[in-house]
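Engineer: The structure file work.csv (CSV, C-alpha atoms) is provided below.
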chain,number,residue,atom,x,y,z
A,1,MET,CA,80.5,105.0,48.6
A,2,ASP,CA,78.2,102.3,49.7
A,3,ALA,CA,79.3,98.6,49.5
A,4,ASP,CA,77.5,95.5,50.7
A,5,LEU,CA,79.3,93.7,53.5
A,6,GLY,CA,78.5,90.4,51.8
A,7,ASP,CA,80.2,91.6,48.6
A,8,LEU,CA,83.2,92.7,50.5
A,9,THR,CA,83.4,89.3,52.3
A,10,ALA,CA,83.1,87.5,49.0
A,11,PHE,CA,85.9,89.6,47.4
A,12,LEU,CA,88.2,88.7,50.3
A,13,ALA,CA,87.3,85.0,50.1
A,14,VAL,CA,88.1,84.9,46.4
A,15,ALA,CA,91.3,87.0,46.8
A,16,LYS,CA,92.5,84.7,49.6
A,17,ALA,CA,91.7,81.5,47.7
A,18,ARG,CA,93.1,82.9,44.4
A,19,GLY,CA,90.1,81.5,42.6
A,20,PHE,CA,86.4,81.4,42.5
A,21,ARG,CA,86.0,77.6,42.7
A,22,ASP,CA,88.4,77.3,45.7
A,23,ALA,CA,86.6,80.2,47.4
A,24,ALA,CA,83.3,78.5,46.8
A,25,ARG,CA,84.5,75.3,48.5
A,26,THR,CA,85.6,77.2,51.6
A,27,SER,CA,82.8,79.7,51.9
A,28,GLY,CA,79.8,77.6,51.1
A,29,ALA,CA,78.6,79.9,48.3
A,30,SER,CA,78.6,79.0,44.7
A,31,ALA,CA,81.3,80.2,42.3
A,32,SER,CA,78.8,82.1,40.3
A,33,THR,CA,77.4,83.8,43.4
A,34,LEU,CA,80.9,84.9,44.4
A,35,SER,CA,81.6,86.1,40.8
A,36,GLU,CA,78.5,88.2,40.8
A,37,ALA,CA,79.3,89.7,44.2
A,38,VAL,CA,82.8,90.7,43.0
A,39,ARG,CA,81.3,92.2,39.8
A,40,ARG,CA,78.8,94.3,41.9
A,41,LEU,CA,81.6,95.5,44.1
A,42,GLU,CA,83.8,96.5,41.2
A,43,THR,CA,80.9,98.4,39.6
A,44,ARG,CA,80.1,100.3,42.8
A,45,LEU,CA,83.8,101.2,43.3
A,46,GLY,CA,84.5,101.9,39.6
A,47,ALA,CA,87.7,100.0,39.7
A,48,ARG,CA,88.8,96.5,38.8
A,49,LEU,CA,89.8,94.6,41.9
A,50,LEU,CA,90.9,91.2,40.5
A,51,HIS,CA,92.9,90.0,37.4
A,52,ARG,CA,91.0,87.0,36.1
A,53,THR,CA,92.6,84.4,33.8
A,54,THR,CA,91.6,80.8,33.1
A,55,ARG,CA,94.4,79.7,35.5
A,56,SER,CA,94.5,82.2,38.3
A,57,VAL,CA,92.8,85.2,40.0
A,58,THR,CA,95.1,87.8,41.5
A,59,PRO,CA,94.4,91.2,43.0
A,60,THR,CA,95.0,94.4,41.0
A,61,GLU,CA,96.8,97.3,42.6
A,62,ALA,CA,93.4,98.7,43.7
A,63,GLY,CA,92.4,95.2,44.9
A,64,ALA,CA,95.6,94.8,47.0
A,65,ALA,CA,95.0,98.2,48.6
A,66,LEU,CA,91.5,97.3,49.5
A,67,ILE,CA,92.6,94.0,50.9
A,68,ALA,CA,95.1,95.7,53.1
A,69,ARG,CA,92.5,98.0,54.6
A,70,LEU,CA,89.6,95.6,54.6
A,71,THR,CA,91.2,92.6,56.3
A,72,PRO,CA,91.7,94.2,59.8
A,73,ALA,CA,88.3,96.1,59.5
A,74,LEU,CA,86.4,92.9,58.9
A,75,GLY,CA,88.4,91.2,61.6
A,76,GLU,CA,87.0,93.9,64.0
A,77,VAL,CA,83.5,93.2,62.7
A,78,ASP,CA,83.9,89.5,63.4
A,79,ALA,CA,85.2,90.2,66.9
A,80,ALA,CA,82.2,92.5,67.6
A,81,LEU,CA,79.8,89.9,66.4
A,82,ASP,CA,81.5,87.2,68.5
A,83,ALA,CA,81.1,89.5,71.6
A,84,VAL,CA,77.4,89.9,70.9
A,85,GLY,CA,77.3,86.1,70.6
A,86,HIS,CA,78.6,85.7,74.1
A,87,PHE,CA,75.8,87.9,75.4
A,88,ARG,CA,73.3,85.9,73.4
A,89,ASP,CA,74.5,82.7,74.9
A,90,GLY,CA,74.4,84.2,78.4
A,91,ALA,CA,78.1,83.9,78.8
A,92,ALA,CA,78.6,87.6,79.8
A,93,GLY,CA,76.9,90.7,81.0
A,94,ALA,CA,75.3,92.3,84.0
A,95,LEU,CA,72.2,91.1,85.8
A,96,ARG,CA,70.5,93.2,88.5
A,97,LEU,CA,67.8,91.7,90.7
A,98,ASN,CA,65.6,93.5,93.2
A,99,VAL,CA,64.7,91.1,96.0
A,100,PRO,CA,63.2,91.2,99.5
A,101,ILE,CA,65.7,90.9,102.3
A,102,SER,CA,64.1,87.6,103.3
A,103,ALA,CA,64.9,86.2,99.8
A,104,ALA,CA,68.4,87.5,100.0
A,105,ARG,CA,68.8,85.7,103.3
A,106,LEU,CA,66.8,82.5,102.8
A,107,VAL,CA,66.5,81.8,99.0
A,108,LEU,CA,69.5,83.1,97.1
A,109,PRO,CA,72.4,81.6,99.1
A,110,ALA,CA,71.4,78.1,97.8
A,111,ILE,CA,71.3,79.4,94.2
A,112,LEU,CA,73.9,82.0,93.6
A,113,PRO,CA,77.2,80.1,94.1
A,114,GLY,CA,76.3,77.5,91.5
A,115,PHE,CA,74.9,80.0,89.1
A,116,LEU,CA,78.0,82.2,89.2
A,117,ALA,CA,80.3,79.2,88.9
A,118,ALA,CA,78.3,78.1,85.8
A,119,HIS,CA,78.4,81.6,84.3
A,120,PRO,CA,81.7,83.3,85.2
A,121,GLY,CA,81.1,86.0,82.6
A,122,ILE,CA,78.0,87.3,84.4
A,123,ARG,CA,78.2,90.1,86.9
A,124,LEU,CA,75.3,89.8,89.3
A,125,GLU,CA,74.1,92.7,91.5
A,126,ILE,CA,71.5,92.1,94.2
A,127,VAL,CA,69.4,95.1,95.5
A,128,ALA,CA,67.8,93.8,98.7
A,129,GLU,CA,65.0,95.9,100.1
A,130,ASP,CA,61.4,95.5,101.3
A,131,SER,CA,59.8,98.4,99.6
A,132,PHE,CA,57.7,97.2,96.7
A,133,VAL,CA,59.3,99.2,93.9
A,134,ASP,CA,58.8,98.9,90.1
A,135,VAL,CA,61.8,96.8,89.3
A,136,LEU,CA,62.1,98.2,85.7
A,137,ALA,CA,61.9,101.8,86.8
A,138,ALA,CA,64.5,101.0,89.5
A,139,GLY,CA,66.9,99.8,86.7
A,140,CYS,CA,66.6,96.1,87.6
A,141,ASP,CA,66.2,93.3,85.1
A,142,ALA,CA,63.9,91.2,87.4
A,143,GLY,CA,62.7,90.9,91.0
A,144,ILE,CA,61.7,88.3,93.5
A,145,ARG,CA,58.3,88.6,95.2
A,146,TYR,CA,55.7,86.4,96.9
A,147,ASP,CA,52.7,85.7,94.7
A,148,GLU,CA,50.3,88.1,96.3
A,149,ARG,CA,52.7,90.9,95.6
A,150,LEU,CA,53.4,90.2,91.9
A,151,GLU,CA,52.8,93.1,89.6
A,152,GLN,CA,50.5,92.9,86.6
A,153,ASP,CA,51.9,92.1,83.1
A,154,MET,CA,54.7,90.1,84.6
A,155,ILE,CA,55.9,86.6,83.9
A,156,ALA,CA,56.5,84.6,87.1
A,157,VAL,CA,59.0,81.7,87.5
A,158,PRO,CA,59.1,79.7,90.8
A,159,ILE,CA,62.3,80.1,92.7
A,160,GLY,CA,63.4,78.5,96.0
A,161,PRO,CA,61.2,76.3,98.2
A,162,ARG,CA,57.6,76.1,96.9
A,163,VAL,CA,56.0,75.9,100.4
A,164,GLN,CA,57.1,77.9,103.4
A,165,ARG,CA,55.5,78.4,106.8
A,166,MET,CA,55.2,81.3,109.3
A,167,ALA,CA,56.6,80.1,112.6
A,168,THR,CA,56.1,81.3,116.1
A,169,ALA,CA,58.7,80.7,118.7
A,170,ALA,CA,60.1,82.0,122.0
A,171,ALA,CA,63.1,81.4,124.3
A,172,PRO,CA,62.5,78.5,126.7
A,173,SER,CA,63.2,80.9,129.6
A,174,TYR,CA,60.4,83.2,128.5
A,175,LEU,CA,58.0,80.3,128.2
A,176,ASP,CA,59.0,79.0,131.6
A,177,ARG,CA,58.2,82.3,133.2
A,178,HIS,CA,55.0,83.1,131.3
A,179,GLY,CA,53.6,79.8,130.2
A,180,ARG,CA,53.2,78.1,126.9
A,181,PRO,CA,50.2,79.2,124.7
A,182,ASP,CA,47.8,76.4,123.8
A,183,HIS,CA,45.7,78.4,121.3
A,184,PRO,CA,46.5,81.4,119.1
A,185,ARG,CA,44.2,83.6,121.2
A,186,SER,CA,46.4,82.9,124.2
A,187,LEU,CA,49.0,85.1,122.5
A,188,LEU,CA,46.9,88.1,123.6
A,189,ASP,CA,48.2,87.5,127.1
A,190,HIS,CA,51.9,87.4,126.0
A,191,ALA,CA,54.5,89.9,125.0
A,192,CYS,CA,55.2,89.6,121.2
A,193,VAL,CA,57.9,90.9,119.0
A,194,LEU,CA,56.2,92.7,116.1
A,195,GLY,CA,57.4,94.0,112.7
A,196,ARG,CA,56.6,97.0,110.5
A,197,PHE,CA,56.8,97.0,106.7
A,198,ALA,CA,58.4,99.9,104.8
A,199,SER,CA,54.9,101.0,104.0
A,200,GLY,CA,54.2,101.6,107.7
A,201,ALA,CA,51.8,98.7,108.2
A,202,LEU,CA,52.4,96.3,111.1
A,203,THR,CA,52.8,92.6,110.5
A,204,SER,CA,49.5,91.9,112.2
A,205,PRO,CA,47.2,90.4,112.6
A,206,TRP,CA,49.1,87.1,112.9
A,207,GLU,CA,47.2,84.4,111.1
A,208,PHE,CA,47.1,80.7,112.1
A,209,GLU,CA,45.5,77.7,110.5
A,210,ARG,CA,44.7,74.2,111.7
A,211,ALA,CA,42.3,71.6,110.2
A,212,GLY,CA,40.6,74.2,108.1
A,213,GLU,CA,40.1,76.7,110.9
A,214,ILE,CA,41.8,80.1,110.5
A,215,VAL,CA,42.4,82.3,113.5
A,216,ARG,CA,43.7,85.9,113.4
A,217,VAL,CA,45.0,87.7,116.4
A,218,GLU,CA,46.3,91.2,117.1
A,219,PRO,CA,49.2,90.6,119.4
A,220,ARG,CA,51.0,93.4,121.4
A,221,GLY,CA,54.5,93.7,122.7
A,222,PRO,CA,57.4,95.9,123.8
A,223,LEU,CA,59.4,95.8,120.5
A,224,ILE,CA,58.6,96.6,116.9
A,225,VAL,CA,61.3,96.3,114.2
A,226,GLN,CA,61.5,97.0,110.5
A,227,VAL,CA,60.7,93.9,108.5
A,228,GLY,CA,63.7,92.5,106.7
A,229,GLY,CA,66.4,94.9,107.7
A,230,ALA,CA,65.9,94.4,111.5
A,231,THR,CA,64.6,90.9,111.5
A,232,ASP,CA,67.8,89.5,112.9
A,233,LEU,CA,67.5,92.0,115.8
A,234,ALA,CA,63.9,90.7,116.5
A,235,VAL,CA,65.2,87.1,116.5
A,236,ASP,CA,68.0,88.0,118.9
A,237,ALA,CA,65.5,89.8,121.2
A,238,ALA,CA,63.3,86.7,121.2
A,239,ILE,CA,66.3,84.5,122.0
A,240,ALA,CA,67.1,86.9,124.9
A,241,GLY,CA,63.5,86.4,126.3
A,242,VAL,CA,61.8,89.6,125.2
A,243,GLY,CA,58.8,87.8,123.9
A,244,ILE,CA,57.2,85.5,121.2
A,245,ILE,CA,58.3,86.1,117.6
A,246,SER,CA,56.5,85.2,114.3
A,247,VAL,CA,58.6,85.0,111.2
A,248,PHE,CA,59.5,82.6,108.4
A,249,GLU,CA,60.3,79.2,109.6
A,250,ASP,CA,63.5,79.1,107.6
A,251,TRP,CA,64.7,82.2,109.4
A,252,LEU,CA,64.2,80.6,112.8
A,253,ARG,CA,65.3,77.0,111.9
A,254,PRO,CA,69.0,77.3,113.1
A,255,HIS,CA,67.8,78.6,116.5
A,256,LEU,CA,65.0,76.0,116.8
A,257,GLU,CA,67.5,73.2,116.1
A,258,SER,CA,70.0,74.6,118.6
A,259,GLY,CA,67.3,75.0,121.3
A,260,ALA,CA,67.8,78.7,121.6
A,261,LEU,CA,64.2,79.1,120.6
A,262,GLU,CA,61.2,76.7,121.3
A,263,PRO,CA,58.3,76.3,118.8
A,264,VAL,CA,55.1,77.8,119.9
A,265,LEU,CA,51.7,76.6,118.5
A,266,GLN,CA,53.6,74.5,115.9
A,267,ASP,CA,50.5,72.6,114.8
A,268,TRP,CA,48.9,76.0,113.9
A,269,TRP,CA,51.8,77.2,111.7
A,270,GLN,CA,50.3,78.4,108.4
A,271,PRO,CA,51.9,77.4,105.1
A,272,PHE,CA,52.2,79.8,102.1
A,273,SER,CA,53.5,79.7,98.6
A,274,GLY,CA,57.1,80.2,98.0
A,275,PRO,CA,58.6,83.1,96.1
A,276,PHE,CA,58.7,83.8,92.4
A,277,LEU,CA,61.2,85.4,90.1
A,278,TYR,CA,59.3,87.9,87.9
A,279,TYR,CA,60.2,89.9,84.9
A,280,SER,CA,58.4,92.0,82.2
A,281,ASP,CA,56.9,90.3,79.2
A,282,ARG,CA,57.0,93.6,77.3
A,283,ARG,CA,60.7,93.4,76.1
A,284,LEU,CA,63.3,90.9,75.1
A,285,VAL,CA,64.8,88.9,78.0
A,286,PRO,CA,68.4,90.0,78.5
A,287,PRO,CA,70.8,87.0,78.0
A,288,PRO,CA,72.1,87.0,81.6
A,289,LEU,CA,68.5,87.0,82.9
A,290,ARG,CA,67.7,84.2,80.5
A,291,ALA,CA,70.6,82.2,81.8
A,292,PHE,CA,69.4,82.8,85.4
A,293,ILE,CA,65.9,81.6,84.5
A,294,GLU,CA,67.2,78.5,82.8
A,295,PHE,CA,69.4,77.8,85.8
A,296,ILE,CA,66.6,78.0,88.4
A,297,ARG,CA,64.3,76.0,86.3
A,298,ALA,CA,66.9,73.2,85.9
A,299,LYS,CA,67.5,73.3,89.7
A,300,ALA,CA,63.8,72.8,90.4
A,301,ILE,CA,63.7,69.6,88.3
How does this structure look as structure tokens?
Structural biologist:
Amino acid sequence: MDADLGDLTAFLAVAKARGFRDAARTSGASASTLSEAVRRLETRLGARLLHRTTRSVTPTEAGAALIARLTPALGEVDAALDAVGHFRDGAAGALRLNVPISAARLVLPAILPGFLAAHPGIRLEIVAEDSFVDVLAAGCDAGIRYDERLEQDMIAVPIGPRVQRMATAAAPSYLDRHGRPDHPRSLLDHACVLGRFASGALTSPWEFERAGEIVRVEPRGPLIVQVGGATDLAVDAAIAGVGIISVFEDWLRPHLESGALEPVLQDWWQPFSGPFLYYSDRRLVPPPLRAFIEFIRAKAI
């Protein structure tokens, strides 16, 4: 038989308080509201649940039986609602992000430890790949992309450094043997380490910019590697003297600082916009994702 959860809760409150007025003080509802709720419940069940006198309110035999079964059941309901509350507050749940390998290497290490420490109930999964998949179809909550690769109908939130640069560099030993380019077109006379996207396209032409002048060149070289997954191999090859490499400045920075690589055409390095976290605006934002968005926004302040 149907019974309203509010009426059941009201009945328990009155039975526990042994009176309508005392129950009203603890529950926040008026005594008349509680009385009406109990009357509705008794009518639906076809049984008197409470003995009422001017001095006391006590459960009938039927009321006592209902209390015995109802108390643990409503306790489970409260526990279930509390669990959902944790998800609402971003305290627990799974978060799955699809990110390019460059973001996994250069952007997320500065973010994830602090985020996970702040939200110990969140289980984070990172899918790092450089094929431009539909993040929702891939079962991910959000993705990281650079602005020119954002999908339509997506909300974008800046994440990580807002300005990055493409850097060219080579081992000092290579430059000592082959000379140091003084213009982007000079790269046509050099061995260059190239990359290939998952789509099959090469990472060329290389583009340079200085004082408003943009120069594009189609370099050649003895080594082509897969972008992202084999970028470390390309960097190691450049350090070993195979040729000149062009990749994110942040990827090369440790080797530039150590002297293993030497900057090439540094005043021509072209800046570009940093990455964005993006997610669909066509559905409710899952609480773990909302917590992550709030965290990166606060970190950017």
Engineer: Residues of range 151-195 of chain A that have any atom at most 7 Å from an atom of range 277-300 of chain A: could you tabulate them with the shortest-distance atom pair and the distance in Å to one decimal, using only C-alpha atoms, ordered by chain and increasing number, as a Markdown table?
Structural biologist:
| residue | atom | partner | partner_atom | distance |
| --- | --- | --- | --- | --- |
| A:Asp153 | CA | A:Ser280 | CA | 6.6 |
| A:Met154 | CA | A:Ser280 | CA | 4.8 |
| A:Ile155 | CA | A:Tyr278 | CA | 5.4 |
| A:Ala156 | CA | A:Tyr278 | CA | 4.4 |
| A:Val157 | CA | A:Leu277 | CA | 5.0 |
| A:Pro158 | CA | A:Leu277 | CA | 6.1 |
| A:Ile159 | CA | A:Leu277 | CA | 6.0 |
Engineer: Record the distance separating CA of Gly63 in chain A and CA of Leu50 in chain A, expressed in Å with one decimal.
Structural biologist: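 One can read the CA of Gly63 in chain A to CA of Leu50 in chain A distance as 6.1 Å.
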Engineer: Go through A:Met166, A:Ala10, A:Ile126, A:Leu233 one by one, measure the shortest atom-to-atom distance of each to Ala24 in chain A using all atoms listed in the file, and give the residue with the smallest value.
Structural biologist: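 Among the listed residues, A:Ala10 lies closest to Ala24 in chain A.
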Engineer: Under the rule that all atoms listed in the file are counted, which of A:Asp250, A:Asp7, A:Asp236, A:Glu262 is the nearest residue to Leu70 in chain A?
Structural biologist: A:Asp7
Engineer: For the point (72.5, 94.2, 85.3) in file coordinates, what residues are within 12 Å, counting all atoms listed in the file? Give the answer as JSON, numbers by chain?
Structural biologist: {"A": [92, 93, 94, 95, 96, 97, 98, 122, 123, 124, 125, 126, 127, 135, 136, 138, 139, 140, 141, 142, 143, 285, 286, 287, 288, 289, 292]}
Engineer: Between A:Pro184, A:Pro100, A:Pro219, A:Gly228, which residue has the minimum interatomic distance to Ile144 in chain A, considering all atoms listed in the file?
Structural biologist: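 Closest to Ile144 in chain A of all the choices is A:Pro100.
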Engineer: As an exercise, work out the distance from CA of Leu106 in chain A to CA of Pro172 in chain A in Å and give it to one decimal place.
Structural biologist: 24.6 Å
Engineer: Out of A:Ala128, A:Leu187, A:Val235, A:Ala230, which residue has the shortest atom-to-atom distance to Pro254 in chain A when counting all atoms listed in the file?
Structural biologist: A:Val235
Engineer: From the list A:Ala15, A:Gly160, A:Arg44, A:Leu252, which residue is nearest Ile111 in chain A when using all atoms listed in the file?
Structural biologist: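 Closest to Ile111 in chain A, using all atoms listed in the file: A:Gly160.
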Engineer: CA of Ser173 in chain A and CA of Trp251 in chain A are how many Å apart?
Structural biologist: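 Pair CA of Ser173 in chain A / CA of Trp251 in chain A returns 20.3 Å.
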Engineer: Would you kindly place all heavy atoms on range 23-34 of chain A and return the model as a PDB file, in the frame of the given file?
Structural biologist:
ATOM      1  N   ALA A  23      87.362  79.339  46.439  1.00  0.00           N
ATOM      2  CA  ALA A  23      86.600  80.200  47.400  1.00  0.00           C
ATOM      3  C   ALA A  23      85.255  79.601  47.678  1.00  0.00           C
ATOM      4  O   ALA A  23      84.752  79.650  48.806  1.00  0.00           O
ATOM      5  CB  ALA A  23      86.539  81.600  46.906  1.00  0.00           C
ATOM      6  N   ALA A  24      84.631  79.048  46.639  1.00  0.00           N
ATOM      7  CA  ALA A  24      83.300  78.500  46.800  1.00  0.00           C
ATOM      8  C   ALA A  24      83.355  77.278  47.754  1.00  0.00           C
ATOM      9  O   ALA A  24      82.453  77.075  48.574  1.00  0.00           O
ATOM     10  CB  ALA A  24      82.746  78.055  45.446  1.00  0.00           C
ATOM     11  N   ARG A  25      84.413  76.468  47.656  1.00  0.00           N
ATOM     12  CA  ARG A  25      84.500  75.300  48.500  1.00  0.00           C
ATOM     13  C   ARG A  25      84.690  75.687  49.988  1.00  0.00           C
ATOM     14  O   ARG A  25      84.191  75.020  50.890  1.00  0.00           O
ATOM     15  CB  ARG A  25      85.696  74.426  48.070  1.00  0.00           C
ATOM     16  CG  ARG A  25      85.383  73.578  46.849  1.00  0.00           C
ATOM     17  CD  ARG A  25      86.440  72.503  46.651  1.00  0.00           C
ATOM     18  NE  ARG A  25      87.738  73.089  46.274  1.00  0.00           N
ATOM     19  CZ  ARG A  25      88.120  73.274  45.020  1.00  0.00           C
ATOM     20  NH1 ARG A  25      87.316  72.928  44.026  1.00  0.00           N
ATOM     21  NH2 ARG A  25      89.318  73.802  44.753  1.00  0.00           N
ATOM     22  N   THR A  26      85.394  76.773  50.255  1.00  0.00           N
ATOM     23  CA  THR A  26      85.600  77.200  51.600  1.00  0.00           C
ATOM     24  C   THR A  26      84.549  78.037  52.235  1.00  0.00           C
ATOM     25  O   THR A  26      84.326  78.028  53.451  1.00  0.00           O
ATOM     26  CB  THR A  26      86.982  77.912  51.744  1.00  0.00           C
ATOM     27  OG1 THR A  26      86.940  79.061  50.894  1.00  0.00           O
ATOM     28  CG2 THR A  26      88.135  77.018  51.337  1.00  0.00           C
ATOM     29  N   SER A  27      83.850  78.790  51.361  1.00  0.00           N
ATOM     30  CA  SER A  27      82.800  79.700  51.900  1.00  0.00           C
ATOM     31  C   SER A  27      81.438  79.162  51.922  1.00  0.00           C
ATOM     32  O   SER A  27      80.584  79.665  52.644  1.00  0.00           O
ATOM     33  CB  SER A  27      82.835  81.004  51.020  1.00  0.00           C
ATOM     34  OG  SER A  27      82.326  80.708  49.714  1.00  0.00           O
ATOM     35  N   GLY A  28      81.194  78.121  51.140  1.00  0.00           N
ATOM     36  CA  GLY A  28      79.800  77.600  51.100  1.00  0.00           C
ATOM     37  C   GLY A  28      78.945  78.205  50.070  1.00  0.00           C
ATOM     38  O   GLY A  28      77.810  77.755  49.853  1.00  0.00           O
ATOM     39  N   ALA A  29      79.413  79.258  49.408  1.00  0.00           N
ATOM     40  CA  ALA A  29      78.600  79.900  48.300  1.00  0.00           C
ATOM     41  C   ALA A  29      79.098  79.332  46.992  1.00  0.00           C
ATOM     42  O   ALA A  29      80.210  78.805  46.867  1.00  0.00           O
ATOM     43  CB  ALA A  29      78.853  81.409  48.377  1.00  0.00           C
ATOM     44  N   SER A  30      78.262  79.466  45.979  1.00  0.00           N
ATOM     45  CA  SER A  30      78.600  79.000  44.700  1.00  0.00           C
ATOM     46  C   SER A  30      79.611  79.894  43.986  1.00  0.00           C
ATOM     47  O   SER A  30      79.704  81.089  44.321  1.00  0.00           O
ATOM     48  CB  SER A  30      77.380  78.808  43.792  1.00  0.00           C
ATOM     49  OG  SER A  30      76.838  80.088  43.498  1.00  0.00           O
ATOM     50  N   ALA A  31      80.358  79.369  43.023  1.00  0.00           N
ATOM     51  CA  ALA A  31      81.300  80.200  42.300  1.00  0.00           C
ATOM     52  C   ALA A  31      80.633  81.318  41.567  1.00  0.00           C
ATOM     53  O   ALA A  31      81.141  82.451  41.506  1.00  0.00           O
ATOM     54  CB  ALA A  31      82.137  79.322  41.340  1.00  0.00           C
ATOM     55  N   SER A  32      79.472  81.045  40.997  1.00  0.00           N
ATOM     56  CA  SER A  32      78.800  82.100  40.300  1.00  0.00           C
ATOM     57  C   SER A  32      78.272  83.194  41.193  1.00  0.00           C
ATOM     58  O   SER A  32      78.286  84.371  40.819  1.00  0.00           O
ATOM     59  CB  SER A  32      77.561  81.474  39.507  1.00  0.00           C
ATOM     60  OG  SER A  32      76.659  80.866  40.412  1.00  0.00           O
ATOM     61  N   THR A  33      77.860  82.818  42.415  1.00  0.00           N
ATOM     62  CA  THR A  33      77.400  83.800  43.400  1.00  0.00           C
ATOM     63  C   THR A  33      78.580  84.723  43.779  1.00  0.00           C
ATOM     64  O   THR A  33      78.444  85.948  43.873  1.00  0.00           O
ATOM     65  CB  THR A  33      76.861  83.142  44.648  1.00  0.00           C
ATOM     66  OG1 THR A  33      75.703  82.386  44.280  1.00  0.00           O
ATOM     67  CG2 THR A  33      76.481  84.155  45.709  1.00  0.00           C
ATOM     68  N   LEU A  34      79.761  84.126  43.994  1.00  0.00           N
ATOM     69  CA  LEU A  34      80.900  84.900  44.400  1.00  0.00           C
ATOM     70  C   LEU A  34      81.350  85.826  43.196  1.00  0.00           C
ATOM     71  O   LEU A  34      81.729  86.985  43.413  1.00  0.00           O
ATOM     72  CB  LEU A  34      82.087  83.984  44.730  1.00  0.00           C
ATOM     73  CG  LEU A  34      81.885  83.155  46.006  1.00  0.00           C
ATOM     74  CD1 LEU A  34      83.028  82.161  46.172  1.00  0.00           C
ATOM     75  CD2 LEU A  34      81.796  84.062  47.221  1.00  0.00           C
TER      76      LEU A  34
END
